[in-house]
file entry_36.cif (mmCIF, C-alpha atoms)
data_work
#
loop_
_atom_site.group_PDB
_atom_site.id
_atom_site.type_symbol
_atom_site.label_atom_id
_atom_site.label_comp_id
_atom_site.auth_asym_id
_atom_site.auth_seq_id
_atom_site.Cartn_x
_atom_site.Cartn_y
_atom_site.Cartn_z
ATOM 1 C CA MET A 1 171.302 -38.518 186.932
ATOM 2 C CA SER A 2 170.805 -40.521 183.747
ATOM 3 C CA ILE A 3 173.709 -42.850 183.177
ATOM 4 C CA PHE A 4 174.001 -45.653 180.663
ATOM 5 C CA HIS A 5 176.833 -48.009 179.809
ATOM 6 C CA ILE A 6 178.317 -48.654 176.376
ATOM 7 C CA GLY A 7 181.268 -50.995 176.215
ATOM 8 C CA GLY A 8 182.052 -50.471 179.890
ATOM 9 C CA GLU A 9 182.022 -46.653 179.589
ATOM 10 C CA ILE A 10 179.614 -44.476 181.555
ATOM 11 C CA HIS A 11 177.683 -41.821 179.601
ATOM 12 C CA ILE A 12 175.572 -39.036 181.082
ATOM 13 C CA MET A 13 172.801 -37.702 178.843
ATOM 14 C CA HIS A 14 172.082 -33.966 178.494
ATOM 15 C CA GLU A 15 169.345 -31.881 176.946
ATOM 16 C CA TYR A 16 169.824 -28.390 175.545
ATOM 17 C CA LYS A 17 167.713 -25.254 175.432
ATOM 18 C CA ILE A 18 168.198 -22.011 173.476
ATOM 19 C CA GLU A 19 166.776 -18.668 174.623
ATOM 20 C CA LYS A 20 166.765 -15.997 171.908
ATOM 21 C CA ILE A 21 167.089 -12.276 172.658
ATOM 22 C CA ASP A 22 166.563 -9.774 169.855
ATOM 23 C CA VAL A 23 169.325 -7.257 169.144
ATOM 24 C CA HIS A 24 168.710 -3.720 167.914
ATOM 25 C CA HIS A 25 171.426 -1.412 166.598
ATOM 26 C CA GLY A 26 171.211 2.203 167.703
ATOM 27 C CA ARG A 27 173.442 5.266 167.612
ATOM 28 C CA ASP A 28 175.052 4.176 170.870
ATOM 29 C CA GLY A 29 175.754 0.622 169.693
ATOM 30 C CA ILE A 30 173.947 -2.640 170.270
ATOM 31 C CA LEU A 31 170.774 -2.679 172.363
ATOM 32 C CA LEU A 32 169.217 -5.911 173.640
ATOM 33 C CA ALA A 33 165.430 -6.309 173.711
ATOM 34 C CA GLU A 34 165.815 -7.599 177.292
ATOM 35 C CA GLU A 35 168.615 -8.018 179.815
ATOM 36 C CA TYR A 36 170.328 -11.406 179.650
ATOM 37 C CA ALA A 37 171.288 -11.752 183.344
ATOM 38 C CA PRO A 38 167.684 -12.338 184.550
ATOM 39 C CA VAL A 39 167.181 -14.904 181.758
ATOM 40 C CA ILE A 40 170.294 -16.787 182.914
ATOM 41 C CA ALA A 41 169.199 -16.586 186.582
ATOM 42 C CA LYS A 42 165.674 -17.824 185.776
ATOM 43 C CA ASN A 43 166.967 -20.816 183.842
ATOM 44 C CA ALA A 44 169.531 -21.610 186.555
ATOM 45 C CA SER A 45 166.724 -21.728 189.127
ATOM 46 C CA GLU A 46 165.041 -24.343 186.904
ATOM 47 C CA GLY A 47 168.152 -26.554 186.828
ATOM 48 C CA TRP A 48 169.668 -25.320 183.557
ATOM 49 C CA ARG A 49 173.407 -24.533 183.345
ATOM 50 C CA PHE A 50 174.435 -21.585 181.156
ATOM 51 C CA VAL A 51 176.871 -22.875 178.516
ATOM 52 C CA GLN A 52 177.446 -20.129 175.957
ATOM 53 C CA LEU A 53 176.250 -16.879 174.397
ATOM 54 C CA VAL A 54 176.217 -16.898 170.590
ATOM 55 C CA ASN A 55 176.321 -13.416 169.067
ATOM 56 C CA LEU A 56 174.227 -13.374 165.902
ATOM 57 C CA SER A 57 173.946 -9.586 165.671
ATOM 58 C CA GLY A 58 175.632 -9.615 162.258
ATOM 59 C CA LEU A 59 172.696 -11.375 160.588
ATOM 60 C CA SER A 60 170.088 -9.599 158.489
ATOM 61 C CA GLN A 61 168.247 -6.812 160.273
ATOM 62 C CA ILE A 62 165.181 -9.002 160.909
ATOM 63 C CA GLN A 63 167.198 -11.917 162.372
ATOM 64 C CA ARG A 64 169.673 -10.061 164.626
ATOM 65 C CA ARG A 65 169.796 -11.693 168.040
ATOM 66 C CA ILE A 66 171.903 -13.384 170.648
ATOM 67 C CA ASP A 67 171.276 -16.988 171.623
ATOM 68 C CA LEU A 68 171.829 -18.126 175.197
ATOM 69 C CA ILE A 69 172.545 -21.858 175.316
ATOM 70 C CA PHE A 70 171.718 -23.919 178.404
ATOM 71 C CA GLU A 71 172.131 -27.595 179.290
ATOM 72 C CA ARG A 72 171.035 -29.965 182.028
ATOM 73 C CA GLU A 73 171.248 -33.646 182.714
ATOM 74 C CA ILE A 74 168.283 -35.620 181.456
ATOM 75 C CA ARG A 75 166.240 -36.914 184.347
ATOM 76 C CA GLY A 76 164.304 -40.141 184.174
ATOM 77 C CA GLY A 77 160.664 -40.442 185.135
ATOM 78 C CA SER A 78 157.833 -37.950 184.862
ATOM 79 C CA ASP A 79 159.738 -34.902 186.168
ATOM 80 C CA LYS A 80 161.520 -34.325 182.833
ATOM 81 C CA LYS A 81 160.541 -30.975 181.283
#
call {"tool": "encode", "arguments": {"input": "entry_36.cif", "output": "structure tokens"}}
result
Amino acid sequence: MSIFHIGGEIHIMHEYKIEKIDVHHGRDGILLAEEYAPVIAKNASEGWRFVQLVNLSGLSQIQRRIDLIFEREIRGGSDKK
């Protein structure tokens, strides 16, 4: 765990990662280019915590997507990815 002190307070540092999944609109509604559950599980196995899904399907047709946001504590040393 990375902890540093400022004015007697303890702060834990985090890093963030965004996984993008394309969204396609069909007759039956919104279709994702891939399932999000395996993406969340894969990142969890690598130490990332799922924080939020941001629905950006209302953007222009080329940019439609959902963003999965992950965080983890920053580790010191050479094991940081």
call {"tool": "resolve_selection", "arguments": {"input": "entry_36.cif", "expression": "the PyMOL selection byres ((chain A and resi 29-37) around 10)", "output": "VMD selection string"}}
result
chain A and resid 19 to 28 38 to 42 53 57 64 to 68
call {"tool": "resolve_selection", "arguments": {"input": "entry_36.cif", "expression": "the PyMOL selection byres ((chain A and resi 14) around 8)", "output": "number ranges by chain"}}
result
A: 12-13, 15-16, 71-74
call {"tool": "closest_residue", "arguments": {"input": "entry_36.cif", "among": "A:Asn43, A:Trp48, A:Ile18, A:Val54", "to": "Ile69 of chain A", "atoms": "all atoms listed in the file"}}
result
A:Ile18
call {"tool": "axis_aligned_box", "arguments": {"input": "entry_36.cif", "around": "segment 68-72 of chain A", "padding_each_side": "3 Å", "output": "JSON"}}
result
{"center_x": 171.8, "center_y": -24.0, "center_z": 178.6, "size_x": 7.5, "size_y": 17.8, "size_z": 12.8}
call {"tool": "atom_distance", "arguments": {"input": "entry_36.cif", "atom1": "atom CA of Arg49 of chain A", "atom2": "atom CA of Phe70 of chain A"}}
result
5.3 Å
call {"tool": "build_atoms", "arguments": {"input": "entry_36.cif", "residues": "segment 13-35 of chain A", "atoms": "N, CA and C atoms", "output": "mmCIF file, in the frame of the given file"}}
result
data_model
loop_
_atom_site.group_PDB
_atom_site.id
_atom_site.type_symbol
_atom_site.label_atom_id
_atom_site.label_comp_id
_atom_site.auth_asym_id
_atom_site.auth_seq_id
_atom_site.Cartn_x
_atom_site.Cartn_y
_atom_site.Cartn_z
ATOM 1 N N MET A 13 173.571 -38.361 179.897
ATOM 2 C CA MET A 13 172.801 -37.702 178.843
ATOM 3 C C MET A 13 172.457 -36.262 179.253
ATOM 4 N N HIS A 14 172.447 -35.361 178.268
ATOM 5 C CA HIS A 14 172.082 -33.966 178.494
ATOM 6 C C HIS A 14 171.020 -33.535 177.488
ATOM 7 N N GLU A 15 170.253 -32.542 177.875
ATOM 8 C CA GLU A 15 169.345 -31.881 176.946
ATOM 9 C C GLU A 15 169.753 -30.416 176.879
ATOM 10 N N TYR A 16 169.407 -29.766 175.779
ATOM 11 C CA TYR A 16 169.824 -28.390 175.545
ATOM 12 C C TYR A 16 168.621 -27.505 175.262
ATOM 13 N N LYS A 17 168.776 -26.244 175.604
ATOM 14 C CA LYS A 17 167.713 -25.254 175.432
ATOM 15 C C LYS A 17 168.353 -23.959 174.931
ATOM 16 N N ILE A 18 167.696 -23.285 174.000
ATOM 17 C CA ILE A 18 168.198 -22.011 173.476
ATOM 18 C C ILE A 18 167.166 -20.927 173.749
ATOM 19 N N GLU A 19 167.611 -19.860 174.396
ATOM 20 C CA GLU A 19 166.776 -18.668 174.623
ATOM 21 C C GLU A 19 167.281 -17.593 173.671
ATOM 22 N N LYS A 20 166.391 -17.025 172.884
ATOM 23 C CA LYS A 20 166.765 -15.997 171.908
ATOM 24 C C LYS A 20 166.399 -14.608 172.434
ATOM 25 N N ILE A 21 167.333 -13.668 172.277
ATOM 26 C CA ILE A 21 167.089 -12.276 172.658
ATOM 27 C C ILE A 21 167.381 -11.409 171.435
ATOM 28 N N ASP A 22 166.400 -10.641 171.024
ATOM 29 C CA ASP A 22 166.563 -9.774 169.855
ATOM 30 C C ASP A 22 167.583 -8.674 170.127
ATOM 31 N N VAL A 23 168.307 -8.305 169.076
ATOM 32 C CA VAL A 23 169.325 -7.257 169.144
ATOM 33 C C VAL A 23 168.907 -6.124 168.217
ATOM 34 N N HIS A 24 169.001 -4.906 168.720
ATOM 35 C CA HIS A 24 168.710 -3.720 167.914
ATOM 36 C C HIS A 24 169.967 -2.857 167.879
ATOM 37 N N HIS A 25 170.272 -2.299 166.735
ATOM 38 C CA HIS A 25 171.426 -1.412 166.598
ATOM 39 C C HIS A 25 170.948 0.031 166.665
ATOM 40 N N GLY A 26 171.547 0.793 167.565
ATOM 41 C CA GLY A 26 171.211 2.203 167.703
ATOM 42 C C GLY A 26 172.446 3.063 167.534
ATOM 43 N N ARG A 27 172.297 4.350 167.731
ATOM 44 C CA ARG A 27 173.442 5.266 167.612
ATOM 45 C C ARG A 27 174.519 4.963 168.636
ATOM 46 N N ASP A 28 174.102 4.454 169.789
ATOM 47 C CA ASP A 28 175.052 4.176 170.870
ATOM 48 C C ASP A 28 175.570 2.744 170.846
ATOM 49 N N GLY A 29 175.274 1.999 169.801
ATOM 50 C CA GLY A 29 175.754 0.622 169.693
ATOM 51 C C GLY A 29 174.612 -0.379 169.724
ATOM 52 N N ILE A 30 174.918 -1.549 170.239
ATOM 53 C CA ILE A 30 173.947 -2.640 170.270
ATOM 54 C C ILE A 30 173.047 -2.520 171.490
ATOM 55 N N LEU A 31 171.753 -2.681 171.279
ATOM 56 C CA LEU A 31 170.774 -2.679 172.363
ATOM 57 C C LEU A 31 170.050 -4.016 172.357
ATOM 58 N N LEU A 32 169.937 -4.644 173.524
ATOM 59 C CA LEU A 32 169.217 -5.911 173.640
ATOM 60 C C LEU A 32 167.759 -5.645 173.979
ATOM 61 N N ALA A 33 166.860 -6.459 173.440
ATOM 62 C CA ALA A 33 165.430 -6.309 173.711
ATOM 63 C C ALA A 33 165.117 -6.564 175.184
ATOM 64 N N GLU A 34 165.956 -7.366 175.855
ATOM 65 C CA GLU A 34 165.815 -7.599 177.292
ATOM 66 C C GLU A 34 167.191 -7.915 177.862
ATOM 67 N N GLU A 35 167.345 -7.727 179.155
ATOM 68 C CA GLU A 35 168.615 -8.018 179.815
ATOM 69 C C GLU A 35 168.827 -9.531 179.873
#
